[in-house]
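Just coords-v7.cif here, mmCIF, C-alpha atoms and all ligand atoms:
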data_start
loop_
_atom_site.label_atom_id
_atom_site.label_comp_id
_atom_site.auth_asym_id
_atom_site.auth_seq_id
_atom_site.Cartn_x
_atom_site.Cartn_y
_atom_site.Cartn_z
CA MET I 1 15.81 -3.78 -21.85
CA GLY I 2 13.61 -3.47 -18.76
CA LEU I 3 10.94 -0.91 -17.92
CA LEU I 4 13.07 0.32 -15.00
CA ASP I 5 16.59 0.32 -16.43
CA GLY I 6 18.75 2.86 -14.58
CA LYS I 7 16.24 3.42 -11.76
CA VAL I 8 16.87 2.97 -8.03
CA ALA I 9 14.05 1.61 -5.87
CA ILE I 10 13.21 0.98 -2.23
CA VAL I 11 10.66 -1.73 -1.40
CA THR I 12 9.63 -1.88 2.26
CA GLY I 13 8.64 -5.21 3.80
CA ALA I 14 10.33 -6.91 0.84
CA GLY I 15 11.65 -9.95 2.70
CA ARG I 16 8.45 -11.94 2.23
CA GLY I 17 5.16 -12.24 0.40
CA VAL I 18 3.92 -9.40 -1.80
CA GLY I 19 6.99 -7.19 -1.17
CA ARG I 20 9.42 -9.95 -2.11
CA GLY I 21 7.61 -10.38 -5.41
CA GLU I 22 7.79 -6.62 -6.00
CA ALA I 23 11.52 -6.44 -5.24
CA LEU I 24 12.22 -9.36 -7.62
CA GLU I 25 10.10 -7.82 -10.40
CA LEU I 26 11.60 -4.33 -10.04
CA ALA I 27 15.08 -5.90 -10.25
CA ARG I 28 13.98 -8.00 -13.25
CA GLN I 29 12.90 -4.77 -14.92
CA GLY I 30 16.38 -3.28 -14.39
CA ALA I 31 16.06 -1.35 -11.12
CA LYS I 32 18.68 -1.45 -8.38
CA VAL I 33 16.77 -2.32 -5.23
CA VAL I 34 17.05 -1.59 -1.52
CA VAL I 35 15.32 -4.59 0.07
CA ASN I 36 13.93 -3.35 3.37
CA ASP I 37 12.48 -5.74 5.96
CA LEU I 38 12.40 -5.67 9.74
CA GLY I 39 11.82 -9.42 9.66
CA GLY I 40 9.41 -9.68 12.58
CA GLY I 41 6.31 -11.79 13.19
CA VAL I 42 3.02 -11.16 11.42
CA ASP I 43 1.86 -9.26 14.55
CA GLY I 44 4.94 -7.02 14.47
CA SER I 45 6.85 -8.77 17.25
CA GLY I 46 10.59 -9.46 16.99
CA ALA I 47 13.11 -8.76 14.24
CA ASP I 48 15.32 -10.83 11.91
CA LYS I 49 17.73 -9.66 9.21
CA GLY I 50 17.41 -13.02 7.37
CA PRO I 51 14.44 -12.35 5.04
CA ALA I 52 15.89 -9.13 3.58
CA HIS I 53 19.29 -10.78 3.07
CA ASP I 54 17.70 -13.82 1.38
CA VAL I 55 15.87 -11.65 -1.16
CA VAL I 56 19.03 -9.67 -1.88
CA GLN I 57 20.81 -12.96 -2.59
CA GLU I 58 17.98 -14.04 -4.90
CA ILE I 59 18.23 -10.79 -6.86
CA LYS I 60 22.02 -11.04 -7.10
CA SER I 61 21.86 -14.69 -8.19
CA ARG I 62 19.67 -13.55 -11.10
CA GLY I 63 22.23 -10.92 -12.10
CA GLY I 64 20.55 -7.92 -10.43
CA GLU I 65 21.81 -5.35 -7.94
CA ALA I 66 20.38 -5.10 -4.44
CA VAL I 67 21.27 -4.20 -0.89
CA PRO I 68 19.50 -5.14 2.36
CA ASN I 69 18.15 -2.78 4.99
CA SER I 70 16.48 -3.81 8.25
CA ASP I 71 15.22 -0.50 9.60
CA SER I 72 11.66 -0.38 10.91
CA VAL I 73 9.48 1.92 8.81
CA THR I 74 7.78 3.02 12.04
CA ASP I 75 11.02 4.63 13.19
CA TRP I 76 11.38 8.21 11.89
CA ALA I 77 15.20 8.10 11.90
CA GLY I 78 15.10 4.55 10.49
CA ALA I 79 13.00 5.71 7.54
CA GLU I 80 15.49 8.53 6.94
CA ASN I 81 18.34 6.00 7.06
CA LEU I 82 16.47 3.78 4.58
CA VAL I 83 16.23 6.61 2.05
CA GLY I 84 19.88 7.44 2.77
CA THR I 85 20.86 3.81 2.08
CA ALA I 86 19.52 4.08 -1.49
CA ILE I 87 21.31 7.38 -2.12
CA ASP I 88 24.61 6.32 -0.48
CA THR I 89 24.68 2.89 -2.17
CA PHE I 90 23.29 3.63 -5.62
CA GLY I 91 23.66 7.43 -5.89
CA LYS I 92 19.97 8.36 -6.07
CA LEU I 93 16.36 7.31 -5.47
CA ASP I 94 13.61 7.09 -8.13
CA ILE I 95 11.01 4.69 -6.71
CA LEU I 96 9.54 4.11 -3.25
CA VAL I 97 7.22 1.13 -2.76
CA ASN I 98 5.56 1.31 0.68
CA ASN I 99 4.48 -2.27 1.32
CA ALA I 100 5.51 -3.27 4.89
CA GLY I 101 2.64 -4.40 7.07
CA ILE I 102 1.47 -6.32 10.12
CA LEU I 103 -1.89 -7.58 11.39
CA ARG I 104 -3.61 -7.53 14.79
CA ASP I 105 -7.19 -8.49 13.89
CA ARG I 106 -9.81 -8.19 16.65
CA MET I 107 -13.35 -6.94 17.02
CA ILE I 108 -13.50 -3.31 18.18
CA VAL I 109 -14.67 -4.25 21.68
CA LYS I 110 -11.68 -6.59 22.11
CA MET I 111 -9.07 -4.46 20.34
CA THR I 112 -6.48 -3.00 22.71
CA GLU I 113 -4.83 0.38 22.40
CA GLU I 114 -1.60 -1.40 21.46
CA ASP I 115 -3.36 -3.47 18.77
CA PHE I 116 -4.63 -0.25 17.25
CA ASP I 117 -1.47 1.84 17.60
CA SER I 118 0.96 -0.81 16.34
CA VAL I 119 -1.00 -1.48 13.13
CA ILE I 120 -1.47 2.24 12.42
CA ALA I 121 2.26 2.74 13.13
CA VAL I 122 3.51 0.21 10.56
CA HIS I 123 1.01 0.87 7.76
CA LEU I 124 0.00 4.53 8.00
CA LYS I 125 2.87 6.17 9.87
CA GLY I 126 5.43 3.91 8.15
CA THR I 127 4.11 4.95 4.72
CA PHE I 128 4.18 8.61 5.78
CA ALA I 129 7.67 8.42 7.32
CA CYS I 130 9.25 6.90 4.19
CA THR I 131 7.27 9.27 1.95
CA HIS I 132 8.38 12.30 4.00
CA HIS I 133 12.09 11.49 3.79
CA ALA I 134 11.96 10.51 0.11
CA ALA I 135 9.96 13.66 -0.69
CA SER I 136 12.51 15.84 1.12
CA TYR I 137 15.24 14.36 -1.09
CA TRP I 138 13.20 14.81 -4.30
CA ARG I 139 12.35 18.41 -3.36
CA GLU I 140 16.06 19.16 -2.86
CA GLN I 141 16.84 17.61 -6.24
CA SER I 142 14.11 19.64 -7.92
CA LYS I 143 15.29 22.89 -6.33
CA ALA I 144 18.86 22.12 -7.45
CA GLY I 145 17.63 21.90 -11.05
CA ASN I 146 17.59 18.08 -11.31
CA GLN I 147 13.83 17.64 -11.73
CA PRO I 148 13.08 14.04 -10.62
CA ARG I 149 10.95 11.57 -12.55
CA ALA I 150 10.02 9.65 -9.43
CA ALA I 151 7.20 7.41 -8.29
CA ILE I 152 5.68 6.24 -5.03
CA VAL I 153 3.53 3.11 -4.97
CA ASN I 154 1.60 2.58 -1.74
CA THR I 155 -0.23 -0.52 -0.55
CA VAL I 156 -3.90 -0.53 0.42
CA SER I 157 -6.52 -3.24 0.86
CA SER I 158 -10.19 -3.88 0.23
CA ALA I 159 -10.46 -3.95 4.05
CA GLY I 160 -9.88 -0.20 4.01
CA LEU I 161 -11.74 0.67 0.83
CA GLN I 162 -14.80 -1.54 1.35
CA GLY I 163 -14.57 -2.46 5.03
CA ASN I 164 -14.03 -5.76 6.82
CA ILE I 165 -15.19 -7.01 10.21
CA GLY I 166 -12.35 -7.47 12.73
CA GLN I 167 -9.97 -5.10 10.96
CA ALA I 168 -10.80 -1.67 12.42
CA ASN I 169 -7.10 -0.85 12.91
CA TYR I 170 -5.91 -2.29 9.58
CA GLY I 171 -8.83 -0.97 7.52
CA ALA I 172 -8.52 2.52 9.01
CA ALA I 173 -4.79 2.50 8.23
CA LYS I 174 -5.39 1.36 4.64
CA ALA I 175 -8.15 3.94 4.05
CA GLY I 176 -5.73 6.53 5.47
CA ILE I 177 -3.05 5.37 3.01
CA ALA I 178 -5.51 5.77 0.11
CA ALA I 179 -6.12 9.38 1.20
CA LEU I 180 -2.40 9.93 1.77
CA THR I 181 -1.76 8.69 -1.78
CA VAL I 182 -4.08 11.33 -3.25
CA ILE I 183 -2.58 14.12 -1.11
CA THR I 184 0.97 12.99 -1.92
CA SER I 185 0.16 13.09 -5.64
CA LEU I 186 -1.19 16.65 -5.32
CA GLU I 187 1.70 17.97 -3.21
CA LEU I 188 4.63 16.32 -4.97
CA GLN I 189 3.59 16.81 -8.59
CA GLN I 190 5.59 20.06 -8.65
CA TYR I 191 8.74 18.04 -7.84
CA GLY I 192 8.17 15.46 -10.58
CA VAL I 193 6.86 12.77 -8.23
CA ARG I 194 3.78 10.61 -8.90
CA ALA I 195 1.95 8.66 -6.20
CA ASN I 196 -0.42 5.73 -6.73
CA ALA I 197 -1.53 2.72 -4.71
CA ILE I 198 -2.39 -0.91 -5.27
CA ALA I 199 -4.54 -3.35 -3.35
CA PRO I 200 -2.54 -6.58 -3.80
CA GLY I 201 -3.39 -10.21 -3.04
CA GLY I 202 -1.96 -13.69 -2.80
CA ALA I 203 -1.33 -16.42 -0.29
CA THR I 204 0.99 -15.03 2.37
CA ARG I 205 1.18 -15.44 6.13
CA MET I 206 -0.93 -12.26 6.34
CA SER I 207 -3.71 -13.22 3.95
CA GLY I 208 -5.48 -15.33 6.55
CA GLY I 209 -6.74 -18.88 6.59
CA VAL I 210 -4.47 -21.85 6.71
CA ILE I 211 -2.44 -22.31 3.58
CA SER I 212 -1.69 -26.00 3.20
CA ASP I 213 1.87 -27.17 2.61
CA GLU I 214 0.68 -28.54 -0.74
CA ALA I 215 -0.63 -25.11 -1.79
CA LYS I 216 2.61 -23.42 -0.70
CA GLN I 217 4.60 -25.98 -2.67
CA ALA I 218 2.38 -25.54 -5.75
CA ILE I 219 2.93 -21.76 -5.64
CA ALA I 220 6.71 -22.21 -5.23
CA ASP I 221 6.82 -24.76 -8.06
CA ALA I 222 4.86 -22.46 -10.37
CA GLU I 223 7.16 -19.54 -9.53
CA ALA I 224 10.28 -21.63 -10.17
CA ALA I 225 8.85 -22.76 -13.51
CA GLY I 226 7.82 -19.21 -14.44
CA GLU I 227 4.17 -20.29 -14.55
CA PHE I 228 1.06 -18.46 -13.36
CA HIS I 229 -0.53 -19.54 -10.07
CA ARG I 230 -3.58 -17.52 -9.03
CA LEU I 231 -2.47 -17.38 -5.35
CA ASP I 232 1.13 -16.32 -6.04
CA PRO I 233 1.70 -13.05 -4.09
CA GLY I 234 4.12 -12.07 -6.86
CA ASN I 235 1.15 -11.53 -9.20
CA SER I 236 0.69 -7.95 -7.93
CA ALA I 237 4.26 -6.97 -8.81
CA PRO I 238 3.91 -6.27 -12.57
CA MET I 239 1.37 -3.50 -11.85
CA VAL I 240 3.77 -1.98 -9.31
CA ALA I 241 6.63 -2.10 -11.82
CA TRP I 242 4.43 -0.44 -14.44
CA LEU I 243 3.18 2.29 -12.08
CA ALA I 244 6.79 2.98 -11.07
CA SER I 245 7.95 3.23 -14.67
CA ASP I 246 7.93 6.14 -17.10
CA GLU I 247 5.23 4.27 -19.04
CA ALA I 248 2.82 5.56 -16.36
CA LEU I 249 3.85 9.24 -16.39
CA HIS I 250 0.19 10.17 -16.97
CA VAL I 251 -1.03 8.22 -13.91
CA THR I 252 -1.02 9.75 -10.43
CA GLY I 253 -3.34 9.86 -7.41
CA GLN I 254 -4.97 6.57 -8.44
CA VAL I 255 -5.76 3.33 -6.60
CA PHE I 256 -5.82 -0.03 -8.39
CA LYS I 257 -6.64 -3.58 -7.41
CA ALA I 258 -3.90 -5.92 -8.68
CA VAL I 259 -4.70 -9.50 -7.68
CA GLY I 260 -4.01 -12.69 -9.63
CA ASN I 261 -4.52 -11.92 -13.31
CA GLU I 262 -6.90 -9.00 -12.63
CA ILE I 263 -6.21 -5.25 -12.68
CA ALA I 264 -9.09 -2.95 -11.69
CA HIS I 265 -9.46 0.77 -10.96
CA TYR I 266 -10.96 1.93 -7.65
CA ARG I 267 -13.23 4.94 -8.03
CA PRO I 268 -12.48 7.45 -5.25
CA TRP I 269 -15.06 8.65 -2.76
CA SER I 270 -17.30 11.00 -4.70
CA LEU I 271 -20.51 12.90 -4.00
CA GLY I 272 -23.74 11.20 -5.00
CA ALA I 273 -27.29 12.60 -4.81
CA SER I 274 -27.69 15.78 -2.75
CA ALA I 275 -30.51 17.93 -1.38
CA GLU I 276 -30.60 21.58 -0.31
CA ASN I 277 -32.98 23.13 2.19
CA LEU I 278 -34.63 26.13 0.53
CA THR I 279 -37.43 28.11 2.17
CA ARG I 280 -39.44 31.10 0.85
CA GLU I 281 -36.88 33.31 2.59
CA GLY I 282 -33.99 31.51 0.87
CA PRO I 283 -31.36 28.93 1.98
CA ALA I 284 -31.92 27.69 5.53
CA ARG I 285 -30.50 25.26 8.06
CA TRP I 286 -32.19 21.84 8.03
CA ASP I 287 -34.81 20.87 10.60
CA PRO I 288 -33.66 17.37 11.71
CA ALA I 289 -37.29 16.19 11.75
CA ARG I 290 -37.44 16.68 7.95
CA ILE I 291 -34.24 14.85 7.15
CA THR I 292 -35.62 11.26 7.31
CA ASN I 293 -37.96 11.97 4.45
CA VAL I 294 -35.37 13.88 2.41
CA VAL I 295 -32.73 11.17 2.83
CA ASN I 296 -35.13 8.36 1.98
CA THR I 297 -36.63 10.05 -1.08
CA ASP I 298 -34.06 12.51 -2.48
CA ILE I 299 -30.80 10.86 -1.38
CA PHE I 300 -31.56 7.12 -1.35
CA GLY I 301 -34.34 7.50 -3.92
CA CYS I 302 -36.54 5.13 -1.92
CA ARG I 303 -40.02 6.34 -1.01
CA ASN I 304 -40.95 3.59 1.45
CA GLY I 305 -38.07 4.31 3.79
CA GLY I 306 -36.69 0.81 3.25
CA LEU I 307 -33.09 1.96 3.54
CA ARG I 308 -33.58 3.41 7.00
CA MET I 309 -30.98 2.04 9.45
CA ARG I 310 -32.50 0.36 12.47
CA PRO I 311 -30.57 -0.12 15.72
CA GLY I 312 -29.25 -3.67 15.76
CA GLY I 313 -30.86 -4.43 12.44
CA GLY I 314 -28.50 -2.83 9.91
N1 LIG I 401 -1.54 -10.89 1.02
C1 LIG I 401 -2.69 -10.32 0.72
O1 LIG I 401 -3.65 -10.96 0.27
C2 LIG I 401 -2.85 -8.83 0.91
C3 LIG I 401 -4.09 -8.25 0.63
C4 LIG I 401 -4.24 -6.87 0.77
C5 LIG I 401 -3.16 -6.10 1.17
N2 LIG I 401 -1.97 -6.69 1.48
C6 LIG I 401 -0.87 -5.82 1.90
O2 LIG I 401 0.32 -6.21 1.24
C7 LIG I 401 1.44 -5.86 2.07
C8 LIG I 401 2.35 -7.07 2.23
O3 LIG I 401 1.66 -8.08 2.94
P1 LIG I 401 1.98 -9.64 2.79
O4 LIG I 401 0.70 -10.32 2.59
O5 LIG I 401 3.08 -9.85 1.82
O6 LIG I 401 2.46 -9.98 4.29
P2 LIG I 401 3.85 -10.58 4.85
O7 LIG I 401 3.70 -10.68 6.31
O8 LIG I 401 4.23 -11.79 4.08
O9 LIG I 401 4.92 -9.45 4.49
C9 LIG I 401 4.99 -8.21 5.17
C10 LIG I 401 6.45 -7.89 5.43
O10 LIG I 401 6.53 -6.60 6.07
C11 LIG I 401 7.59 -6.69 7.02
N3 LIG I 401 7.43 -5.66 8.07
C12 LIG I 401 6.51 -5.66 9.06
N4 LIG I 401 6.68 -4.59 9.85
C13 LIG I 401 7.74 -3.90 9.34
C14 LIG I 401 8.38 -2.69 9.70
N5 LIG I 401 7.97 -1.99 10.79
N6 LIG I 401 9.41 -2.25 8.97
C15 LIG I 401 9.83 -2.96 7.89
N7 LIG I 401 9.26 -4.13 7.50
C16 LIG I 401 8.22 -4.57 8.21
C17 LIG I 401 7.49 -8.09 7.59
O11 LIG I 401 8.70 -8.51 8.20
C18 LIG I 401 7.11 -8.90 6.36
O12 LIG I 401 8.24 -9.48 5.75
C19 LIG I 401 0.86 -5.33 3.37
O13 LIG I 401 0.82 -3.94 3.36
C20 LIG I 401 -0.54 -5.89 3.37
O14 LIG I 401 -1.43 -5.13 4.16
C21 LIG I 401 -1.78 -8.03 1.35
#
Would you write the structure of this file as structure tokens?
Ligand SMILES: NC(=O)c1ccc[n+]([C@@H]2O[C@H](COP(=O)([O-])OP(=O)(O)OC[C@H]3O[C@@H](n4cnc5c(N)ncnc54)[C@H](O)[C@@H]3O)[C@@H](O)[C@H]2O)c1
Amino acid sequence: MGLLDGKVAIVTGAGRGVGRGEALELARQGAKVVVNDLGGGVDGSGADKGPAHDVVQEIKSRGGEAVPNSDSVTDWAGAENLVGTAIDTFGKLDILVNNAGILRDRMIVKMTEEDFDSVIAVHLKGTFACTHHAASYWREQSKAGNQPRAAIVNTVSSAGLQGNIGQANYGAAKAGIAALTVITSLELQQYGVRANAIAPGGATRMSGGVISDEAKQAIADAEAAGEFHRLDPGNSAPMVAWLASDEALHVTGQVFKAVGNEIAHYRPWSLGASAENLTREGPARWDPARITNVVNTDIFGCRNGGLRMRPGGG
């Protein structure tokens, strides 16, 4: 008995890294899986059907059911075809894991229009395109009287939630996906669809730094032996399987960190201290000259102005 027996799932970018681990875990938990991967370089260049096929073979060799798909999530018609592949092959769709991603890290002054657009296209537009087509299917099902019990799990990053130098494109896309997750949860609740997100981790070609051959081998050995390795990108997958399952029917619109052996809950943006401008005549527009003092004392709670931002000084 698995947590996902009888469910049908799509995992995008599932030919490598975090997505591969998710596809394997969803299949281990009983889901039939569409393994999507364009198979390009880490910067989004090129394409190769090999990685998606390899993961499908791995799932089948373990007794699971899977089918490959090599559409790009950036392509509107491709995303529609991806959703159609699940329905045509396995008869329905219950789970969408939006994981595909690329990187084009540069400082803002060096970042080209293409660096920005291509990263936004894969992460943010790709997540929206797959969500749109899956949501259209679930809405149809709901209107036909087959209320879905469906789940979307999106992929964010601390770069978007906390910021990271050199990742303006990537961080903006990931912050956008966090917001999209909340809006998706609000809009699709009526159709029986939940939406959550995880910030995963693990040593992949995208995680940066040089991973030594010894480290790669140690991760592979641990995976083959069914042992825990803290850098295994598959460590994020159990949280995805749980969020996708009916065990998490009470969880929607949430963002979690799922890295190594840690699960943590991200608090959403929320209002902190506030101040209102009230005069003898009643509420009034602020005079900008008064705001320094109000921000330092009432908002930052710091009377000496120590939190004031200085040009070039931070
Ligand atoms: N590895 C980490 O530490 C880490 C940390 C935070 C977030 N993430 C996120 O996890 C996700 C997976 O990253 P990863 O580290 O496994 O990287 P990865 O490069 O190993 O895997 C990403 C996969 O997405 C595929 N892909 C790229 N563009 C695609 C497209 N247009 N359509 C379909 N597939 C496409 C690639 O071919 C690749 O197989 C990404 O969203 C990434 O931002 C990873």
Residues at most 8 Å from stretch 131-139 of chain I, counting all atoms listed in the file, excluding those fewer than 6 positions away in the same chain, as a CSV table (one decimal) with C-alpha atoms, in the coordinates of the input?
chain,number,residue,atom,x,y,z
I,79,ALA,CA,13.0,5.7,7.5
I,80,GLU,CA,15.5,8.5,6.9
I,83,VAL,CA,16.2,6.6,2.0
I,93,LEU,CA,16.4,7.3,-5.5
I,96,LEU,CA,9.5,4.1,-3.2
I,147,GLN,CA,13.8,17.6,-11.7
I,148,PRO,CA,13.1,14.0,-10.6
I,150,ALA,CA,10.0,9.6,-9.4
I,152,ILE,CA,5.7,6.2,-5.0
I,188,LEU,CA,4.6,16.3,-5.0
I,191,TYR,CA,8.7,18.0,-7.8
I,193,VAL,CA,6.9,12.8,-8.2
Listed atoms of ligand LIG 401 (chain I) boxed axis-aligned with 5 Å per side, centre + edges as JSON:
{"center_x": 2.8, "center_y": -6.9, "center_z": 5.5, "size_x": 24.1, "size_y": 19.8, "size_z": 20.5}
Closest contacts (chain I/ligand LIG 401 (chain I), max 8 Å, all atoms listed in the file) as CSV:
residue,atom,partner,partner_atom,distance
I:Thr12,CA,I:LIG401,N7,5.7
I:Gly13,CA,I:LIG401,O10,3.4
I:Ala14,CA,I:LIG401,O12,5.9
I:Gly15,CA,I:LIG401,O12,4.6
I:Arg16,CA,I:LIG401,O12,4.3
I:Gly17,CA,I:LIG401,O5,3.5
I:Val18,CA,I:LIG401,O5,3.7
I:Gly19,CA,I:LIG401,O5,5.6
I:Arg20,CA,I:LIG401,O5,7.5
I:Asn36,CA,I:LIG401,C15,6.1
I:Asp37,CA,I:LIG401,N7,3.9
I:Leu38,CA,I:LIG401,N7,4.2
I:Gly39,CA,I:LIG401,O11,3.6
I:Gly40,CA,I:LIG401,O11,4.6
I:Gly41,CA,I:LIG401,O11,6.4
I:Val42,CA,I:LIG401,O7,5.2
I:Gly44,CA,I:LIG401,N4,5.5
I:Ala47,CA,I:LIG401,O11,7.5
I:Asp48,CA,I:LIG401,O11,7.9
I:Pro51,CA,I:LIG401,O12,6.9
I:Ala52,CA,I:LIG401,O12,8.0
I:Ser70,CA,I:LIG401,C15,6.7
I:Asp71,CA,I:LIG401,N6,6.1
I:Ser72,CA,I:LIG401,N6,3.5
I:Val73,CA,I:LIG401,N6,4.2
I:Thr74,CA,I:LIG401,N5,5.2
I:Asp75,CA,I:LIG401,N5,7.7
I:Asn98,CA,I:LIG401,O13,7.6
I:Asn99,CA,I:LIG401,O13,4.5
I:Ala100,CA,I:LIG401,O10,3.7
I:Gly101,CA,I:LIG401,O13,4.2
I:Ile102,CA,I:LIG401,C12,5.2
I:Leu103,CA,I:LIG401,O14,7.6
I:Ala121,CA,I:LIG401,N5,7.8
I:Val122,CA,I:LIG401,N5,5.0
I:His123,CA,I:LIG401,O13,6.5
I:Gly126,CA,I:LIG401,N5,6.9
I:Thr155,CA,I:LIG401,O13,5.3
I:Val156,CA,I:LIG401,C5,5.7
I:Ser157,CA,I:LIG401,C4,4.3
I:Ser158,CA,I:LIG401,C4,6.7
I:Ala159,CA,I:LIG401,C4,7.6
I:Tyr170,CA,I:LIG401,O14,7.6
I:Lys174,CA,I:LIG401,O14,7.6
I:Ala199,CA,I:LIG401,C4,5.4
I:Pro200,CA,I:LIG401,C4,4.9
I:Gly201,CA,I:LIG401,O1,3.4
I:Gly202,CA,I:LIG401,O1,4.4
I:Ala203,CA,I:LIG401,N1,5.7
I:Thr204,CA,I:LIG401,O4,4.7
I:Arg205,CA,I:LIG401,O8,5.2
I:Met206,CA,I:LIG401,O4,4.5
I:Ser207,CA,I:LIG401,O1,4.3
I:Gly208,CA,I:LIG401,O1,7.9
I:Pro233,CA,I:LIG401,N1,6.4
_If I take atom CA of I:Ala241 and atom CA of I:Glu25, how far is one from the other in Å, to one decimal?_
6.8 Å
If I put a ball of radius 6 Å at (0.2, 4.5, -9.8) in the file's coordinates, which residues poke into it when counting all atoms listed in the file, written as a PDB file with C-alpha atoms, in the frame of the given file?
ATOM      1  CA  ALA I 195       1.950   8.660  -6.200  1.00  0.00           C
ATOM      2  CA  ASN I 196      -0.420   5.730  -6.730  1.00  0.00           C
ATOM      3  CA  ALA I 197      -1.530   2.720  -4.710  1.00  0.00           C
ATOM      4  CA  LEU I 243       3.180   2.290 -12.080  1.00  0.00           C
ATOM      5  CA  VAL I 251      -1.030   8.220 -13.910  1.00  0.00           C
ATOM      6  CA  THR I 252      -1.020   9.750 -10.430  1.00  0.00           C
ATOM      7  CA  GLN I 254      -4.970   6.570  -8.440  1.00  0.00           C
TER       8      GLN I 254
END
*asked:* Between atom CA of I:Ala31 and atom CA of I:Ala9, what distance in Å does the model show, to one decimal?
replied: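 The value is 6.4 Å.
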*asked:* Please report the interatomic distance between atom CA of I:Trp76 and atom CA of I:Ser185 in Å with one decimal.
replied: 21.4 Å
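You can rank I:Asp88, I:Ser118, I:Val55, I:Lys216 by their closest distance to I:Asp43 using all atoms listed in the file, and at the top of that list sits I:Ser118.
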*Which residue gives the smallest distance to I:Leu82 among I:Met107, I:Val119, I:Val11, I:Val259, with only C-alpha atoms counted?*
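Result for the nearest residue to I:Leu82: I:Val11.
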*So which one's closest to I:Phe90, I:Lys7, I:Lys49, I:Arg106, I:His265? Using only C-alpha atoms, please.*
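The closest residue to I:Phe90 is I:Lys7.
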*Which one of I:Gln162, I:Gln167, I:Asn146, I:Thr297 sits closest to I:Ile120 if you count all atoms listed in the file?*
I:Gln167
*Have a look at I:Ala224, I:Val210, I:Ile95, I:Ala129 and name the one nearest to I:Arg194; count all atoms listed in the file.*
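For I:Arg194, the nearest of the given residues is I:Ile95.
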*Skip I:Val34 itself and residues of its chain fewer than 5 positions away, then list as a PyMOL selection string all residues within 6 Å of it, counting only C-alpha atoms.*
chain I and resi 10+66-68
Could you save those same residues with C-alpha atoms as a compact mmCIF listing (two decimals), in the coordinates of the input?
# COMPACT_ATOMS: atom_id res chain seq x y z
CA ILE I 10 13.21 0.98 -2.23
CA ALA I 66 20.38 -5.10 -4.44
CA VAL I 67 21.27 -4.20 -0.89
CA PRO I 68 19.50 -5.14 2.36
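With distances taken over all atoms listed in the file, I:Gln29 is the one residue among I:Gln217, I:Thr89, I:Gln29, I:Ser61 lying closest to I:Pro238.
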Identify the residues within 9 Å of coordinate (15.4, -7.9, -11.3) (same frame as the file), considering only C-alpha atoms, and give the answer as a PDB file with C-alpha atoms, in the coordinates of the input.
ATOM      1  CA  GLY I   2      13.610  -3.470 -18.760  1.00  0.00           C
ATOM      2  CA  ALA I  23      11.520  -6.440  -5.240  1.00  0.00           C
ATOM      3  CA  LEU I  24      12.220  -9.360  -7.620  1.00  0.00           C
ATOM      4  CA  GLU I  25      10.100  -7.820 -10.400  1.00  0.00           C
ATOM      5  CA  LEU I  26      11.600  -4.330 -10.040  1.00  0.00           C
ATOM      6  CA  ALA I  27      15.080  -5.900 -10.250  1.00  0.00           C
ATOM      7  CA  ARG I  28      13.980  -8.000 -13.250  1.00  0.00           C
ATOM      8  CA  GLN I  29      12.900  -4.770 -14.920  1.00  0.00           C
ATOM      9  CA  GLY I  30      16.380  -3.280 -14.390  1.00  0.00           C
ATOM     10  CA  ALA I  31      16.060  -1.350 -11.120  1.00  0.00           C
ATOM     11  CA  LYS I  32      18.680  -1.450  -8.380  1.00  0.00           C
ATOM     12  CA  VAL I  33      16.770  -2.320  -5.230  1.00  0.00           C
ATOM     13  CA  ILE I  59      18.230 -10.790  -6.860  1.00  0.00           C
ATOM     14  CA  LYS I  60      22.020 -11.040  -7.100  1.00  0.00           C
ATOM     15  CA  ARG I  62      19.670 -13.550 -11.100  1.00  0.00           C
ATOM     16  CA  GLY I  63      22.230 -10.920 -12.100  1.00  0.00           C
ATOM     17  CA  GLY I  64      20.550  -7.920 -10.430  1.00  0.00           C
ATOM     18  CA  GLU I  65      21.810  -5.350  -7.940  1.00  0.00           C
ATOM     19  CA  ALA I  66      20.380  -5.100  -4.440  1.00  0.00           C
TER      20      ALA I  66
END
Fix up stretch 171-177 of chain I with N, CA and C atoms, then write it as a CSV table (one decimal), keeping the file's coordinate frame.
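Below is the file that was written, selection_36.csv:
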chain,number,residue,atom,x,y,z
I,171,GLY,N,-8.0,-1.6,8.5
I,171,GLY,CA,-8.8,-1.0,7.5
I,171,GLY,C,-8.7,0.5,7.6
I,172,ALA,N,-8.7,1.1,8.8
I,172,ALA,CA,-8.5,2.5,9.0
I,172,ALA,C,-7.2,3.0,8.5
I,173,ALA,N,-6.1,2.2,8.7
I,173,ALA,CA,-4.8,2.5,8.2
I,173,ALA,C,-4.8,2.5,6.7
I,174,LYS,N,-5.4,1.5,6.1
I,174,LYS,CA,-5.4,1.4,4.6
I,174,LYS,C,-6.2,2.5,4.0
I,175,ALA,N,-7.4,2.8,4.6
I,175,ALA,CA,-8.2,3.9,4.0
I,175,ALA,C,-7.3,5.2,4.2
I,176,GLY,N,-6.6,5.4,5.3
I,176,GLY,CA,-5.7,6.5,5.5
I,176,GLY,C,-4.6,6.6,4.4
I,177,ILE,N,-4.1,5.4,4.0
I,177,ILE,CA,-3.0,5.4,3.0
I,177,ILE,C,-3.6,5.8,1.7
